[in-house]
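What follows is a short report on a single structure.
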Amino acid sequence: MKLRRFQISLPLLSKELTEMANRRRTYIIRTIYALLFLGCIGYISLDQVSGLQNNPLAILGRGRQIFESMIYLQFTAIYLFLPAITCSVITQEKEHNSLGLLLITRLSPSTIILEKYLGRLITMVTFLMLGLPILAFAYSLGGVSPAMFINGLWLLVLTMFQVAALGVLCSSFFRTTVSAFIASYVFGFLMLFGPVISYELNLFFFGDFLKMITDQVRDMPLWSNYISARRGDLSLLLFAPYWFDRLSGGGGIGSIGRTFLISIPILLSTFVFLIFSHYFLVRRAFLPSRNYLLNLFKSLDSIFSKINHNRVTRGIVLVKEQIQLPENRPIAWRETSKKSLGTVRYLFRILIALEVPVLFLCLFIASSSPAAIVPGAVMLLWFIWGLVVLLLAVSATSLISGERSHETLDVLLTAPISGTDILTQKIAGVRRLSMALLVPLLTIVLFEAWWKWEYAQINPNNRNPYELQWLPYLIGSLLTIGIYLPMLTWLFCWIGMKVKSQTKAILSALGVIVLWCILPFILMFPVLILNPSFNEESVIYGLFLSPASYIVINEIAEFHEFGTTWGPLMINSFIYGGCYLLFRYQCHMHIDKNLGRLDSKGNFIDRSTLFPSGKQSLLSSDQ
Amino acid sequence: MNELLSDTPIFDDNPVIDIKNVSHAFKGHRALQGISFQVHPQSLHGFVGPNGAGKTTTLKIICTLLRPQAGKIEVFGNNVLTGVKEIRKRIGFMPDHFSTYRQMTVFEYLDFFGAAYGLGVEQRDQVINDVLTLTDMDGRKDSLISGLSRGMQQRVSLARVLVNDPDLLLLDEPASGLDPRARIELMEILQELKRMGKTIFISSHILSELAELCDSVTIIDRGLIKYSGTMDGLLTHEQEHPTYKIVLASEVEGLVESLANESGVLNVEKTEKARELRVSFDATTTNTSKLLSKIINLQGVIESFQKDKKHLNQAFLDLTEQGVR
């Protein structure tokens with residue numbers, strides 16, 4: 001009780017921290033994070049000391065590399081996890097209808113924003129603190145100057161402030177956690193890399209404009225040393241890791257001053273985000289339920305309709321859309337005519353929105369790259385894969401979890417439709433979405449295959465022969481796309497059945513896919529720790545335990561360690577073909593159990609079947 | 001253990017729902033502890049209990065969403081474990097939330113469920129028009145569900161339950177959250193459905209809400225059946241000691257004490273209202289005529305005389321235990 005006297009008067013912050021401390025998953029996630037983080041650092045350190053067996057003392061003075069690796073990992077962690085941590089900070093209150101209650105207390109909107117912001121910052125700080133022992137270790141090895149130390153920590157803290165503020169802004173603006181989650185990552189990406197991409201492509205003369213500004217800035221006394229006209233530094237003003245890389249080389253107090261100066265834009269962006277969070281908090285506190293994508297498409301419909309009603313076209317309709325009611329597959333009908341990501345008309349628009357820039361960028365990249373592997377196309381393909389995973393995760397996990405969240409599942413389950421039939425009909429919309437997403441993926445793959453073929457004709461004696469093998473590339477890519485799309489659909493659908501809430505299902509699906517992609521590296525670490533002289537090449541095919549590995553290897557044509565392009569292709573197709581069948585089987589075989597009803601034979605395995613013989617728990621309320 | 005308080009529990013040979021010694025638990029919490037009761041054809045059966053009593057669990061078991069961990073349940077003679085398909089064809093379940101697809105029109109929503117129940121296109125048109133008429137929703141056929149009021153959405157849910165023309169309607173707290181008018185209108189629709197020969201099993205946590213509607217009632221508390229039988233049976237049990245409210249034209253000194261000493265009078269107390277008395281008596285030794293005569297003999301001028309309306313709530317409170325669970 002004495003402790004209460006020392007409690008600071010920040011009720012919301014106290015509540016956030018208490019809730020965080022009461023959740024079991026806080027400790028689980030922290031442990032996983034620590035293991036991953038220490039694993040990655042250990043992996044990097046081992047890589048560095050692997051050649052020093054004869055002289056262990058040679059490690060002294062190499063602390064800088066470990067320190068830099070650690071700082072970059074922490075940056076990655078902030079960019080990866082902090083949006084997810086902060087995006088629910090206000091939306092959670094909106095979803096639980098408790099924001100209104102907060103707003104009528106003595107807490108002002110700015111206090112609410114700041115206390116919530118602080119609460120999530122503390123969460124991230126606890127993650128970053130896990131790196132302190134490594135920091136001390138790296139510092140003790142030598143090679144890290146105090147200036148570098150201060151610069152690194154300062155930029156980490158700044159990045160944390162900036163990303164958390166962006167997450168809070170998205171949370172304050174959007175109604176649901178899922179929208180805020182997606183928006184945090186999309187806006188985060190645009191904030192960090194949008195200016196660079198615009199600069200490189202000179203979109204809307206942005207490159208020219210930035211060069212002009214750069215010239216002006218370079219004439220200013222303090223800035224002239226750090227801004228390079230050639231590299232378009234100004235386009236990376238908000239990207240702290242770049243500045244850590246640029247400024248950590250030079251030691252001394254001067255470099256600290258320079259870092260503080262260059263951090264002004266990051267701080268300013270943080271303030272702008274917080275001010276807008278405050279602005280939107282009350283204005284968007286009580287938003288009605290909306291489907292943003294559907295609304296966007298509907299407004300596009302009305303715009304196109306207005307444009308169409310002119311003297312020339314006079315509202316001509318080439319393909320009349322018939323409003324049809326379900327014949328005998330009502331669930332499939334709903335998925336393909338009532339959902340924004342299932343309707344043909346809207347999917348066609350998504351396809352156009354993706355395909356046109358892809359075609360444009362392919363042509364643009366082709367005209368500017370003389371190499372067999374076109375880095376721009378490779379990046380574009382990975383970006384589209386990221387988008388595909390995101391869209392499939394949202395749509396496939398929502399199939400069942402969405403019905404559950406909207407409390408419409410029970411009535412559907414009491415209808416005399418079999419579980420398999422429900423699932424088959426449910427998946428129809430996602431299947432259409434997959435077909436639409438297939439087109440941009442195929443465009444890039446076909447472009448790259450054609451490019452390799454052309455390049456092989458012009459330059460048959462390339463240094464890396466795998467770069468010219470267009471046929472294995474094409475078959476590998478087509479097989480990957482053909483297997484991965486349905487595999488991801490079934491995996492996400494399965495996760496959607498297992499996880500009760502829609503938001504949690506989407507976040508879990510994305511978490512699972514990220515974890516799966518880094519799985520071989522996690523598995524590799526204990527092996528390397530236990531046996532430092534372990535020959536990595538003996539388990540090289542273990543790389544394919546990550547679904548991302550083959551996509552990366554195939555794109556950059558790094559088949560040297562395998563000695564063939566067909567072996568990895570076969571192994572990868574075998575593994576993920578098996579996964580596809582497994583996930584599909586899991587969904588179909590346990591459909592009634594996962595949906596939460598008896599199957600037609602009356603089988604139902606309740607997860608809480610133990611009938612207690614002792615005293616009943618007062619805390620249980622699952623009925 | 002089952003605790004049946006009904007004086008005349010009805011167990012007939014062809015009940016619509018027949019529950020025998022059913023138990024179910026969730027992670028250490030015993031939601032149902034060997035409950036037994038029956039629901040008879042073409043009756044309106046109330047299922048009443050406080051929050052957390054086990055009503056929704058029972059309903060979910062009846063409509064094949066949950067497997068009973070012990071005991072036996074038959075719906076239309078089909079065991080819920082083996083006759084799932086047959087049961088689903090003959091029931092209509094309305095959960096305690098709307099369960100509507102908000103982006104659909106009323107017609108589309110009903111058509112969706114018509115198709116889900118395997119009705120043909122033409123048959124669906126006819127059935128939907130009929131249920132819309134029954135629920136007085138004809139004018140709202142093309143309205144988006146998201147734009148309807150709470151009461152209207154509840155009617156849409158009820159219309160959805162009727163689309164497959166079920167013999168048994170399972171309604172989980174259908175009147176919760178409705179305003180008094182919508183509540184009365186809903187009850188009228190239910191009475192109409194009962195007249196049409198449907199069996200209706202309706203759960204609620206307010207006994208008085210179902211009092212005038214139901215033929216029979218089951219009261220459940222903490223997973224145990226406290227009463228199951230006819231509504232009259234419940235009242236008869238209470239009528240051994242009926243309570244009346246009497247309003248006098250003016251205060252009479254010593255009347256309360258004198259009346260309390262009369263034979264057959266069990267309790268006399270002044271209520272919070274002026275000149276109002278609450279009198280309970282033993283129905284076996286006295287009756288209302290005798291009671292009124294006694295008051296008049298004691299110089300009391302009676303302004304009004306009515307049965308205490310609190311009796312149902314009191315009966316409910318007497319049967320259920322204290323505390324929020």
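Every chain in the structure tokens has a letter given in the order shown (A, B, ...), and although residue numbers restart at 1 in each chain, ligands are simply numbered from 1 in the order shown.
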| task | Run DSSP on the backbone of this structure and report the residues of range 75-246 of chain B it assigns to alpha helix (DSSP H), as a PyMOL selection string. | result | chain B and resi 84-90+106-116+121-134+150-162+180-195+207-211+231-239
Can I get the selected residues back with C-alpha atoms, as a compact mmCIF listing (two decimals), in the first residue's frame?
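Output file result.txt follows:
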# COMPACT_ATOMS: atom_id res chain seq x y z
CA VAL B 84 -27.65 -33.09 -36.47
CA LYS B 85 -28.87 -32.70 -40.07
CA GLU B 86 -32.51 -33.43 -39.25
CA ILE B 87 -32.48 -31.07 -36.29
CA ARG B 88 -30.91 -28.19 -38.28
CA LYS B 89 -33.60 -28.48 -40.92
CA ARG B 90 -36.37 -28.02 -38.37
CA VAL B 106 -33.32 -6.90 -46.07
CA PHE B 107 -34.40 -8.93 -49.10
CA GLU B 108 -30.86 -9.98 -49.99
CA TYR B 109 -30.24 -11.07 -46.41
CA LEU B 110 -33.38 -13.19 -46.26
CA ASP B 111 -32.71 -14.59 -49.72
CA PHE B 112 -29.19 -15.51 -48.61
CA PHE B 113 -30.55 -17.60 -45.74
CA GLY B 114 -33.32 -19.01 -47.90
CA ALA B 115 -30.63 -20.33 -50.24
CA ALA B 116 -28.58 -21.55 -47.27
CA VAL B 121 -35.45 -19.36 -56.12
CA GLU B 122 -39.21 -19.09 -56.70
CA GLN B 123 -40.08 -20.61 -53.36
CA ARG B 124 -37.78 -18.11 -51.68
CA ASP B 125 -39.57 -15.13 -53.22
CA GLN B 126 -42.87 -16.35 -51.86
CA VAL B 127 -41.53 -17.22 -48.40
CA ILE B 128 -39.66 -13.93 -48.02
CA ASN B 129 -42.74 -11.91 -48.90
CA ASP B 130 -44.74 -13.90 -46.37
CA VAL B 131 -42.27 -13.47 -43.52
CA LEU B 132 -41.88 -9.78 -44.31
CA THR B 133 -45.64 -9.38 -44.06
CA LEU B 134 -45.73 -11.33 -40.82
CA ARG B 150 -32.39 -1.72 -33.43
CA GLY B 151 -36.02 -2.81 -33.30
CA MET B 152 -36.15 -3.19 -37.08
CA GLN B 153 -32.93 -5.21 -37.10
CA GLN B 154 -34.43 -7.48 -34.48
CA ARG B 155 -37.42 -8.02 -36.77
CA VAL B 156 -35.08 -8.81 -39.65
CA SER B 157 -33.43 -11.41 -37.43
CA LEU B 158 -36.82 -12.86 -36.58
CA ALA B 159 -37.79 -12.88 -40.24
CA ARG B 160 -34.55 -14.72 -40.98
CA VAL B 161 -35.42 -17.36 -38.38
CA LEU B 162 -38.74 -17.94 -40.14
CA PRO B 180 -41.05 -0.85 -24.78
CA ARG B 181 -42.99 -0.44 -28.04
CA ALA B 182 -40.64 -2.71 -30.01
CA ARG B 183 -40.78 -5.18 -27.13
CA ILE B 184 -44.57 -5.30 -27.16
CA GLU B 185 -44.65 -5.63 -30.95
CA LEU B 186 -42.14 -8.47 -30.81
CA MET B 187 -44.25 -10.28 -28.23
CA GLU B 188 -47.31 -9.86 -30.47
CA ILE B 189 -45.45 -11.46 -33.36
CA LEU B 190 -44.42 -14.34 -31.11
CA GLN B 191 -48.02 -14.89 -30.05
CA GLU B 192 -49.05 -14.91 -33.69
CA LEU B 193 -46.37 -17.50 -34.41
CA LYS B 194 -47.61 -19.62 -31.55
CA ARG B 195 -51.11 -19.45 -32.99
CA LEU B 207 -39.43 -13.48 -15.67
CA SER B 208 -42.17 -10.83 -15.67
CA GLU B 209 -41.41 -10.14 -19.34
CA LEU B 210 -42.52 -13.65 -20.25
CA ALA B 211 -45.27 -14.05 -17.69
CA MET B 231 -46.67 -20.69 -15.52
CA ASP B 232 -49.81 -21.35 -13.46
CA GLY B 233 -47.88 -23.89 -11.44
CA LEU B 234 -45.32 -21.26 -10.55
CA LEU B 235 -48.07 -18.86 -9.53
CA THR B 236 -50.00 -21.51 -7.61
CA HIS B 237 -46.93 -22.22 -5.58
CA GLU B 238 -46.83 -18.55 -4.74
CA GLN B 239 -50.59 -18.25 -4.29
| field | DSSP-assigned strand (DSSP E or B) members of range 5-60 of chain B, reported as a list in words | value |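 Everything in range 5-60 of chain B that counts as strand (DSSP E or B) is Ile17, Asp18, Ile19, Lys20, Asn21, Val22, Ser23, His24, Ala25, Phe26, His29, Arg30, Ala31, Leu32, Gln33, Gly34, Ile35, Ser36, Phe37, Gln38, Val39, Leu44, His45, Gly46, Phe47 and Val48 of chain B.
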Limited to C-alpha atoms, could you put the picked residues into a file as a compact mmCIF listing (two decimals), in the first residue's frame?
# COMPACT_ATOMS: atom_id res chain seq x y z
CA ILE B 17 -37.13 -30.80 -26.71
CA ASP B 18 -36.25 -33.46 -24.19
CA ILE B 19 -33.26 -32.73 -21.97
CA LYS B 20 -32.10 -35.35 -19.50
CA ASN B 21 -29.30 -34.87 -16.97
CA VAL B 22 -27.24 -32.62 -19.25
CA SER B 23 -23.95 -31.25 -17.95
CA HIS B 24 -21.40 -28.98 -19.54
CA ALA B 25 -18.32 -27.19 -18.27
CA PHE B 26 -15.95 -24.56 -19.58
CA HIS B 29 -16.66 -23.53 -14.67
CA ARG B 30 -19.69 -25.83 -14.45
CA ALA B 31 -22.15 -24.12 -16.74
CA LEU B 32 -24.77 -26.88 -16.58
CA GLN B 33 -25.04 -29.38 -13.77
CA GLY B 34 -27.33 -32.24 -14.79
CA ILE B 35 -30.31 -30.28 -16.00
CA SER B 36 -33.56 -31.92 -17.15
CA PHE B 37 -36.71 -30.47 -18.65
CA GLN B 38 -39.06 -30.81 -21.61
CA VAL B 39 -40.66 -28.45 -24.08
CA LEU B 44 -44.32 -21.02 -25.85
CA HIS B 45 -41.73 -22.02 -23.29
CA GLY B 46 -39.84 -19.43 -21.29
CA PHE B 47 -36.29 -20.16 -20.18
CA VAL B 48 -35.43 -17.75 -17.43
Any idea what's packed within 12 Å of Leu102 in chain A, counting only C-alpha atoms, ignoring anything in its chain fewer than 5 positions away? Could you give it as an mmCIF file with N, CA and C atoms, in the first residue's frame?
data_model
loop_
_atom_site.group_PDB
_atom_site.id
_atom_site.type_symbol
_atom_site.label_atom_id
_atom_site.label_comp_id
_atom_site.auth_asym_id
_atom_site.auth_seq_id
_atom_site.Cartn_x
_atom_site.Cartn_y
_atom_site.Cartn_z
ATOM 1 N N PRO A 11 -2.888 8.501 -14.806
ATOM 2 C CA PRO A 11 -3.734 7.308 -14.686
ATOM 3 C C PRO A 11 -3.729 6.421 -15.920
ATOM 4 N N LEU A 12 -3.731 7.063 -17.089
ATOM 5 C CA LEU A 12 -3.790 6.276 -18.315
ATOM 6 C C LEU A 12 -2.500 5.489 -18.532
ATOM 7 N N ILE A 90 -5.124 3.716 -29.716
ATOM 8 C CA ILE A 90 -6.408 4.427 -29.613
ATOM 9 C C ILE A 90 -7.536 3.566 -30.202
ATOM 10 N N GLU A 93 -9.372 1.418 -27.823
ATOM 11 C CA GLU A 93 -10.385 2.121 -27.021
ATOM 12 C C GLU A 93 -11.647 2.325 -27.859
ATOM 13 N N LYS A 94 -11.461 2.648 -29.153
ATOM 14 C CA LYS A 94 -12.626 2.860 -30.020
ATOM 15 C C LYS A 94 -13.401 1.559 -30.176
ATOM 16 N N HIS A 96 -13.554 -0.922 -28.163
ATOM 17 C CA HIS A 96 -14.221 -1.322 -26.907
ATOM 18 C C HIS A 96 -15.196 -0.261 -26.410
ATOM 19 N N ASN A 97 -15.432 0.757 -27.242
ATOM 20 C CA ASN A 97 -16.334 1.865 -26.883
ATOM 21 C C ASN A 97 -15.935 2.542 -25.584
ATOM 22 N N LEU A 107 -9.176 14.094 -18.097
ATOM 23 C CA LEU A 107 -8.018 13.974 -18.990
ATOM 24 C C LEU A 107 -8.294 14.729 -20.294
ATOM 25 N N SER A 108 -7.369 15.609 -20.652
ATOM 26 C CA SER A 108 -7.542 16.342 -21.909
ATOM 27 C C SER A 108 -7.075 15.454 -23.062
ATOM 28 N N PRO A 109 -7.487 15.765 -24.290
ATOM 29 C CA PRO A 109 -7.034 14.952 -25.433
ATOM 30 C C PRO A 109 -5.514 14.864 -25.525
ATOM 31 N N SER A 110 -4.839 15.989 -25.231
ATOM 32 C CA SER A 110 -3.370 15.944 -25.336
ATOM 33 C C SER A 110 -2.785 15.012 -24.272
ATOM 34 N N THR A 111 -3.385 15.009 -23.072
ATOM 35 C CA THR A 111 -2.907 14.101 -22.014
ATOM 36 C C THR A 111 -3.121 12.651 -22.438
ATOM 37 N N ILE A 112 -4.297 12.403 -23.030
ATOM 38 C CA ILE A 112 -4.589 11.029 -23.463
ATOM 39 C C ILE A 112 -3.550 10.584 -24.483
ATOM 40 N N ILE A 113 -3.302 11.449 -25.469
ATOM 41 C CA ILE A 113 -2.341 11.106 -26.518
ATOM 42 C C ILE A 113 -0.957 10.871 -25.909
ATOM 43 N N LYS A 116 -0.760 7.705 -23.664
ATOM 44 C CA LYS A 116 -0.810 6.499 -24.501
ATOM 45 C C LYS A 116 0.522 6.327 -25.230
ATOM 46 N N LEU A 281 -8.088 13.017 -32.576
ATOM 47 C CA LEU A 281 -8.575 12.186 -31.462
ATOM 48 C C LEU A 281 -10.068 12.387 -31.208
ATOM 49 N N VAL A 282 -10.491 13.640 -31.042
ATOM 50 C CA VAL A 282 -11.904 13.885 -30.745
ATOM 51 C C VAL A 282 -12.735 13.842 -32.020
ATOM 52 N N ALA A 285 -13.382 10.256 -33.003
ATOM 53 C CA ALA A 285 -13.539 9.328 -31.862
ATOM 54 C C ALA A 285 -14.716 8.372 -32.050
#
| message | Which residues are close to Ala34 in chain A, i.e. within 9 Å by only C-alpha atoms, leaving aside same-chain residues fewer than 5 positions away? Reply as an MDAnalysis selection string. | response | chainID A and resid 29 39 127 130:131
| task | Would you work out the distance separating CA of Ala53 in chain B from CA of Thr218 in chain B, expressed in Å to one decimal? | result |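 Taking CA of Ala53 in chain B and CA of Thr218 in chain B, their separation equals 11.9 Å.
Using only C-alpha atoms, the nearest neighbour of chain B within the list A:Val411, A:Ile253, A:Leu169, A:Val217 is A:Val411.
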| Distance query Arg275 in chain B at most 6 Å, only C-alpha atoms, self and fewer than 2 positions along chain excluded, as a PyMOL selection string | chain B and resi 247-248+251
Expected file: the selected residues, C-alpha atoms, as a PDB file, in the first residue's frame:
ATOM      1  CA  VAL B 247     -54.779   1.884  -0.570  1.00  0.00           C
ATOM      2  CA  LEU B 248     -56.931   3.484   2.105  1.00  0.00           C
ATOM      3  CA  GLU B 251     -55.022   6.887   7.695  1.00  0.00           C
TER       4      GLU B 251
END
